[in-house]
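K.L.:
Handing you a structure now.
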Amino acid sequence: MKKLAYILVMLLVLSSCGEYQKVLNRGTVEEQYKMAVKMYEAQKYGKALRLFEKITPSYRGKPQMERIQFMVSQANFNEKNYSLAGYYFNRFAGNYPKSSKREEAAFLSALSYYKAAPSYSLDPTDTDKALEAFQKFIDNYPDSDKLAEANKYHAELRAKLEKKAFEIAKTYYRTAEYDSRNYKAAIVAFDNLLEDYLGTKYKEEALFYRLKAAHDFAMKSTQRRKAERIKEAVKAYDKLKRNFPESKFMEESNQMLTALNKEQEQLVKS
């Protein structure tokens, strides 16, 4: 009996696969549409997408297209094709402004890009798209029951970009020993971080590393540029002390200030 049941199941599977292949290769557009929906509802999203790809040109401008576009978006999401899902959900929201699913599509577009976003240290393209999409959703749907979730994801993405900006600035400083141009790049990067992310949790450390970059840049400068750069480094010290008078970096910062002042005295004497 068990063998018979197994054989029957296998026959049904083979029959189903045969029917799918027949419709995929030789079916009419209407048959392919019905099979695509059947595969989608059976959660066979890869097979559904193959059929949707074939029939889409025939349904452009027709009422069924709204449903097809949403199913294509959702199928890509369920298949973990997150960048594609983000693109298709965003296009759906733009193409069907009066759709009852527009709000859901807008949220899922942002969520798709969020899921596609890699570690902070890698290419931030999808992170940027997700951040923009969540901000757009928050602005357009302030009464949505997804608002709290959108705000949470938005904050998380912003923190990811904030960390990336901080690590990039530190990398410039760490590599400046081998390429002195990176001292200036580090100073600019730390300034941008502090301007773009007001109240950043990295503020104290950023101000300290900005001082270190300015100090090292000044000390390694030519005599012609040294006085000007010492002045800028002292300003960096003042900013750190003003914002964090009890900073854990203050001892080392005071040592840098002493070195800068001595160097300034030597310039005046020479």
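Ordered as shown in the structure tokens, chains take letters A, B, and onward, while each chain numbers its residues from 1 and ligands are numbered from 1 in the order shown.
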Within region 9-150 of chain A, find each residue whose DSSP state, derived from the backbone, is alpha helix (DSSP H), and express the selection as a ChimeraX atom specification.

P.N.:
/A:9-26,29-41,45-59,64-78,82-95,102-116,125-140,147-150

K.L.:
Using only C-alpha atoms, which residues sit within 12 Å of Glu66 (chain A) once same-chain residues fewer than 4 positions away are excluded, as a ChimeraX atom specification?

P.N.:
/A:56,59-62,70-73,88-89,91-102,105
